[in-house]
Structure formats: C-alpha cells, structure tokens
Amino acid sequence: MPHTLPIKIAVCDNIPRDLALISELSASILHNENIPHSITEYETADALMNALEQGTQYQILLLDIIMDEGMDGITLAERLRERDDRTKIIFISCNRELALRGYEVCAQRYLAKPPEEEKLREALLYCCRGMQGRRELLIQTEGRLHRIPFAEIQYVEAYDRGTRFVLEEETFETRMKYSEVEAQLPKTDFILCHRGFIVNLAWTKSIRRYEFVLKNGHTVPIGKGRYAECNKKFLDYITD
C-alpha cells in the first residue's frame with residue numbers, strides 16, 4: 001500500500017508503559033506494510049487538544065478513553081466532531097463498557113488493552129485505506145475547518161503567526177506551523193523555493209533570478225542558494 005505522503009498519527013495514553021507499547025507496535029505494523037508515517041506521543045488529552053488547536057494535524061488518533069486528569073478521550077473526540085473534524089479515531093481502552101460511546105463519536109475502531117497486533121493492524125490499515133493519493137489539505141482558521149485542494153494553492157508563505165495559503169481568489173491564514181505544511185505538500189508539485197515560500201509549480205509561468213513568475217503575473221521569491229535547484233525542477237516539470 002504505497003503512500004506519497006507520510007501518515008501522521010498521534011497516540012494519547014496517560015500510562016507511559018501503554019503509550020510506549022501502542023506507539024512501538026503501530027510503528028512496527030506500518031513499517032512492515034511499507035506505509036510512510038510519523039508518530040507523536042501525548043500523555044494527556046489536554047496536551048493533544050492544545051496541539052490540534054495550535055494547528056498541528058494528524059490523520060489518525062489512537063486514544064485511551066480514561067485519563068487520570070483533564071479531559072478524557074471521549075470528550076476530546078466530541079470536541080473534534082463539534083467542529084466537523086473528521087480525523088480517524090481508534091480507541092484503545094481497558095473499559096469495554098465505554099465502547100458504545102466511542103462509536104457515538106464516529107470512532108473507526110474500539111480495541112481492548114493490551115491491543116492484539118492483528119486487530120491493531122486491521123484497524124490501522126482500515127484507517128489508512130483511502131488516504132492514498134490524497135489531493136487536499138485540511139486547515140483550521142478561527143474555528144472553521146477548510147478543505148483546500150492542492151491544485152488550488154498557488155503558493156504558501158510563512159509569517160509571524162503561522163502560515164498563509166494564497167489561492168487564485170482568496171487567502172487563508174492559519175496557525176498551522178510552516179514546517180507542518182511543507183511536510184504534507186506533495187514534492188512532485190511543490191518546491192521550497194525560499195526559506196519562507198513554497199510554490200506550486202503548476203501555477204508557475206517562468207523562472208528568473210531570483211523569482212518565479214506565476215500565470216497571473218504575481219511573483220514568488222527564490223533564495224539565492226536555491227536558484228539552481230528550482231531552475232532544474234522547473235525545467236523538469238514543464239518538460240515531463
């Protein structure tokens with residue numbers, strides 16, 4: 001199951017032993033399936049929710065339900081669904097009685113602790129299905145979730161509070177980290193042309209020192225140290 005972009009996964013469990021076990025087992029399963037991925041660990045649902053509100057994005061969440069302090073996994077999932085966040089959720093918990101509540105927040109799977117490898121594999125592969133060839137980015141702006149097709153993005157710009165997406169007729173500003181955006185954009189179409197700019201080659205008309213000229217006449221700067229790489233990739237792109 002090849003994927004062009006890494007699948008970003010968050011594992012949240014307040015028991016360090018369980019957190020490490022779930023993370024390591026998930027990493028092993030995805031590695032064996034040749035699925036590029038990254039896994040980030042959280043010891044509280046509050047810490048994970050704070051990261052999400054700051055613009056961090058994950059495609060899959062592996063959540064414990066019961067937490068010793070702060071919000072629990074169900075509450076976190078409810079808050080995500082309230083803002084129309086469709087992130088895939090797998091609950092892993094020792095409390096089987098709460099399985100029904102998990103499905104009420106549209107969880108993809110509910111697994112008992114400790115998770116059996118085959119059941120976790122099935123759950124992860126189920127969630128990964130359909131992510132291949134993903135052609136859009138989800139961004140959060142002032143409480144609203146937007147789906148932005150890659151093809152509509154002209155360029156991306158870093159600014160002091162986050163990242164700016166420039167489309168043909170509108171601009172979105174988000175607190176999502178610039179590095180997070182760069183990691184999710186397909187390298188076949190996008191290139192980091194400047195430390196603060198990423199351009200979509202599909203929107204470029206020409207290249208000159210030291211800038212790309214877009215089809216609408218706007219320009220995007222190219223760092224002096226990146227000009228040779230940008231020039232080669234532009235020529236490869238238009239002659240492919």
# chains A, B, ... in the order shown; residues from 1 in each chain; ligands from 1
$ select_by_dssp --residues "segment 69-128 of chain A" --states "helix (DSSP H, G or I)" --output "PyMOL selection string"
chain A and resi 73-82+96-104+117-128
$ closest_atom_pairs --of "segment 12-93 of chain A" --to "segment 144-152 of chain A" --cutoff "10 Å" --atoms "only C-alpha atoms" --output "Markdown table"
| residue | atom | partner | partner_atom | distance |
| --- | --- | --- | --- | --- |
| A:Arg83 | CA | A:Arg144 | CA | 7.1 |
| A:Asp84 | CA | A:Leu145 | CA | 7.1 |
| A:Asp85 | CA | A:Leu145 | CA | 7.2 |
| A:Arg86 | CA | A:Leu145 | CA | 9.9 |
$ write_last_selection --atoms "C-alpha atoms" --output "PDB file, in the first residue's frame"
ATOM      1  CA  ARG A  83     -16.054  21.471  14.763  1.00  0.00           C
ATOM      2  CA  ASP A  84     -16.613  18.992  11.921  1.00  0.00           C
ATOM      3  CA  ASP A  85     -13.162  17.435  12.229  1.00  0.00           C
ATOM      4  CA  ARG A  86     -13.275  14.032  10.519  1.00  0.00           C
TER       5      ARG A  86
END
$ select_by_dssp --residues "segment 14-171 of chain A" --states "strand (DSSP E or B)" --output "compact mmCIF listing (two decimals) with N, CA and C atoms, in the first residue's frame"
# COMPACT_ATOMS: atom_id res chain seq x y z
N HIS A 37 5.17 7.02 7.71
CA HIS A 37 4.36 7.51 8.82
C HIS A 37 5.23 8.28 9.81
N SER A 38 4.56 9.04 10.65
CA SER A 38 5.21 9.65 11.81
C SER A 38 4.26 9.50 12.98
N ILE A 39 4.83 9.24 14.16
CA ILE A 39 4.01 9.02 15.35
C ILE A 39 4.46 9.98 16.45
N THR A 40 3.50 10.70 17.01
CA THR A 40 3.78 11.62 18.11
C THR A 40 3.01 11.16 19.34
N GLU A 41 3.67 11.18 20.48
CA GLU A 41 3.06 10.69 21.72
C GLU A 41 2.58 11.85 22.60
N TYR A 42 1.43 11.64 23.25
CA TYR A 42 0.88 12.60 24.21
C TYR A 42 0.45 11.83 25.45
N ILE A 60 -4.70 10.19 11.95
CA ILE A 60 -5.23 9.12 12.80
C ILE A 60 -4.88 9.42 14.26
N LEU A 61 -5.86 9.25 15.14
CA LEU A 61 -5.63 9.39 16.58
C LEU A 61 -5.88 8.04 17.25
N LEU A 62 -4.93 7.57 18.04
CA LEU A 62 -5.10 6.38 18.87
C LEU A 62 -5.26 6.87 20.31
N LEU A 63 -6.47 6.76 20.84
CA LEU A 63 -6.79 7.40 22.12
C LEU A 63 -7.19 6.40 23.19
N LYS A 88 -9.65 10.36 11.75
CA LYS A 88 -9.99 8.98 12.09
C LYS A 88 -9.51 8.68 13.52
N ILE A 89 -10.37 8.01 14.29
CA ILE A 89 -10.07 7.75 15.70
C ILE A 89 -10.17 6.25 15.99
N ILE A 90 -9.16 5.75 16.67
CA ILE A 90 -9.17 4.39 17.19
C ILE A 90 -9.06 4.49 18.71
N PHE A 91 -10.05 3.99 19.41
CA PHE A 91 -9.99 3.97 20.86
C PHE A 91 -9.34 2.67 21.32
N ILE A 92 -8.43 2.80 22.29
CA ILE A 92 -7.79 1.62 22.88
C ILE A 92 -7.92 1.78 24.39
N SER A 93 -8.72 0.92 25.02
CA SER A 93 -9.02 1.11 26.44
C SER A 93 -9.31 -0.21 27.13
N ARG A 109 -12.64 2.31 15.18
CA ARG A 109 -12.48 1.03 15.86
C ARG A 109 -12.38 1.24 17.37
N TYR A 110 -12.73 0.18 18.13
CA TYR A 110 -12.53 0.16 19.57
C TYR A 110 -11.77 -1.12 19.89
N LEU A 111 -10.58 -0.99 20.48
CA LEU A 111 -9.75 -2.14 20.81
C LEU A 111 -9.53 -2.20 22.31
N ALA A 112 -9.50 -3.43 22.84
CA ALA A 112 -9.26 -3.62 24.26
C ALA A 112 -7.76 -3.62 24.53
N GLU A 136 -5.79 16.92 -1.05
CA GLU A 136 -6.25 18.12 -0.38
C GLU A 136 -5.61 18.25 0.98
N LEU A 137 -5.69 19.46 1.52
CA LEU A 137 -5.13 19.76 2.83
C LEU A 137 -6.25 20.29 3.71
N LEU A 138 -6.27 19.86 4.96
CA LEU A 138 -7.24 20.37 5.92
C LEU A 138 -6.56 21.44 6.77
N ILE A 139 -7.16 22.63 6.83
CA ILE A 139 -6.59 23.68 7.65
C ILE A 139 -7.67 24.30 8.53
N GLN A 140 -7.25 24.76 9.70
CA GLN A 140 -8.15 25.36 10.67
C GLN A 140 -7.92 26.87 10.70
N THR A 141 -9.00 27.66 10.54
CA THR A 141 -8.87 29.12 10.62
C THR A 141 -9.99 29.67 11.48
N ARG A 144 -13.00 27.47 12.05
CA ARG A 144 -13.57 26.81 10.87
C ARG A 144 -12.54 25.89 10.24
N LEU A 145 -13.03 24.76 9.74
CA LEU A 145 -12.17 23.79 9.08
C LEU A 145 -12.37 23.90 7.58
N HIS A 146 -11.28 24.02 6.82
CA HIS A 146 -11.34 24.18 5.37
C HIS A 146 -10.63 23.01 4.68
N ARG A 147 -11.22 22.55 3.60
CA ARG A 147 -10.58 21.56 2.74
C ARG A 147 -10.06 22.30 1.52
N ILE A 148 -8.74 22.33 1.35
CA ILE A 148 -8.14 23.06 0.24
C ILE A 148 -7.45 22.07 -0.70
N PRO A 149 -7.95 21.89 -1.90
CA PRO A 149 -7.27 21.01 -2.87
C PRO A 149 -5.87 21.54 -3.15
N ILE A 153 -3.80 25.73 -4.61
CA ILE A 153 -2.81 26.52 -3.88
C ILE A 153 -1.76 27.06 -4.85
N GLN A 154 -1.62 28.37 -4.93
CA GLN A 154 -0.59 28.97 -5.78
C GLN A 154 0.77 28.94 -5.07
N TYR A 155 0.75 29.43 -3.85
CA TYR A 155 1.98 29.34 -3.05
C TYR A 155 1.62 29.46 -1.58
N VAL A 156 2.57 29.10 -0.74
CA VAL A 156 2.41 29.12 0.70
C VAL A 156 3.51 30.02 1.27
N GLU A 157 3.14 30.82 2.25
CA GLU A 157 4.08 31.79 2.81
C GLU A 157 4.09 31.69 4.34
N ALA A 158 5.29 31.67 4.92
CA ALA A 158 5.40 31.70 6.37
C ALA A 158 5.26 33.14 6.85
N TYR A 159 4.57 33.30 7.97
CA TYR A 159 4.51 34.64 8.56
C TYR A 159 4.56 34.50 10.07
N GLY A 162 2.05 32.04 11.83
CA GLY A 162 1.71 30.74 11.26
C GLY A 162 2.02 30.66 9.78
N THR A 163 1.00 30.29 8.99
CA THR A 163 1.19 30.05 7.57
C THR A 163 0.06 30.68 6.77
N ARG A 164 0.40 31.25 5.64
CA ARG A 164 -0.58 31.87 4.75
C ARG A 164 -0.67 31.06 3.46
N PHE A 165 -1.90 30.71 3.06
CA PHE A 165 -2.14 29.99 1.81
C PHE A 165 -2.73 30.97 0.80
N VAL A 166 -2.09 31.11 -0.34
CA VAL A 166 -2.56 32.02 -1.37
C VAL A 166 -3.17 31.20 -2.50
N LEU A 167 -4.50 31.37 -2.70
CA LEU A 167 -5.21 30.71 -3.78
C LEU A 167 -5.52 31.74 -4.86
N THR A 171 -7.33 34.10 0.21
CA THR A 171 -6.16 33.80 1.02
C THR A 171 -6.62 33.29 2.37
$ residues_around --residues "Leu201 of chain A" --least-positions-apart "2" --cutoff "9 Å" --atoms "only C-alpha atoms" --output "PyMOL selection string"
chain A and resi 154-155+188-191+199+203-205+214+233-234+237-238
$ residues_around --residues "Gly73 of chain A" --least-positions-apart "2" --cutoff "8 Å" --atoms "only C-alpha atoms" --output "list in words"
Ala45, Leu63, Asp64, Ile65, Ile66, Met67, Met71, Thr75, Leu76, Ala77 and Phe91 of chain A
$ write_last_selection --atoms "N, CA and C atoms" --output "short mmCIF file (atom, residue, chain, number, x, y, z; two decimals), in the first residue's frame"
data_model
loop_
_atom_site.label_atom_id
_atom_site.label_comp_id
_atom_site.auth_asym_id
_atom_site.auth_seq_id
_atom_site.Cartn_x
_atom_site.Cartn_y
_atom_site.Cartn_z
N ALA A 45 -4.93 14.11 27.17
CA ALA A 45 -5.80 14.58 26.10
C ALA A 45 -5.74 16.09 25.97
N LEU A 63 -6.47 6.76 20.84
CA LEU A 63 -6.79 7.40 22.12
C LEU A 63 -7.19 6.40 23.19
N ASP A 64 -6.63 6.61 24.38
CA ASP A 64 -7.19 5.94 25.55
C ASP A 64 -8.46 6.71 25.91
N ILE A 65 -9.39 6.07 26.56
CA ILE A 65 -10.63 6.75 26.92
C ILE A 65 -10.53 7.39 28.30
N ILE A 66 -10.05 6.65 29.28
CA ILE A 66 -9.99 7.14 30.65
C ILE A 66 -8.63 7.77 30.92
N MET A 67 -8.63 9.01 31.38
CA MET A 67 -7.39 9.71 31.73
C MET A 67 -7.43 10.06 33.23
N MET A 71 -9.33 16.32 30.49
CA MET A 71 -10.39 15.71 29.69
C MET A 71 -10.06 14.26 29.35
N THR A 75 -14.30 12.94 25.44
CA THR A 75 -14.53 14.39 25.39
C THR A 75 -13.72 15.04 24.28
N LEU A 76 -12.47 14.61 24.14
CA LEU A 76 -11.64 15.15 23.05
C LEU A 76 -12.28 14.85 21.70
N ALA A 77 -12.74 13.61 21.52
CA ALA A 77 -13.37 13.23 20.25
C ALA A 77 -14.64 14.04 20.01
N PHE A 91 -10.05 3.99 19.41
CA PHE A 91 -9.99 3.97 20.86
C PHE A 91 -9.34 2.67 21.32
#
$ residues_around --residues "Ala183 of chain A" --least-positions-apart "3" --cutoff "12 Å" --atoms "only C-alpha atoms" --output "list in words"
Thr4, Leu5, Pro6, Ile7, Lys8, Pro36, His37, Ser38, Thr56, Gln57, Tyr58, Leu137, Met176, Lys177, Tyr178, Ser179, Glu180, Pro186, Lys187, Phe190, Ile191, Leu192 and Ile198 of chain A
$ write_last_selection --atoms "C-alpha atoms" --output "CSV table (one decimal), in the first residue's frame"
chain,number,residue,atom,x,y,z
A,4,THR,CA,3.3,9.5,-1.3
A,5,LEU,CA,2.9,11.4,2.0
A,6,PRO,CA,3.6,10.2,5.5
A,7,ILE,CA,0.5,9.4,7.5
A,8,LYS,CA,0.7,11.5,10.8
A,36,PRO,CA,5.4,6.1,5.5
A,37,HIS,CA,4.4,7.5,8.8
A,38,SER,CA,5.2,9.6,11.8
A,56,THR,CA,-0.9,20.5,14.3
A,57,GLN,CA,-2.7,18.0,12.1
A,58,TYR,CA,-3.0,14.2,12.4
A,137,LEU,CA,-5.1,19.8,2.8
A,176,MET,CA,-0.6,25.7,11.4
A,177,LYS,CA,3.2,25.5,11.5
A,178,TYR,CA,5.0,26.2,8.3
A,179,SER,CA,7.1,23.0,8.7
A,180,GLU,CA,3.9,21.0,9.1
A,186,PRO,CA,3.4,16.6,-2.4
A,187,LYS,CA,7.0,17.1,-3.6
A,190,PHE,CA,5.6,21.9,-4.7
A,191,ILE,CA,9.1,23.2,-4.0
A,192,LEU,CA,10.6,25.1,-1.2
A,198,ILE,CA,6.7,27.2,-1.1
$ closest_residue --among "A:Asn34, A:Cys128, A:Ala123, A:Pro16" --to "Gln59 of chain A" --atoms "only C-alpha atoms"
A:Cys128
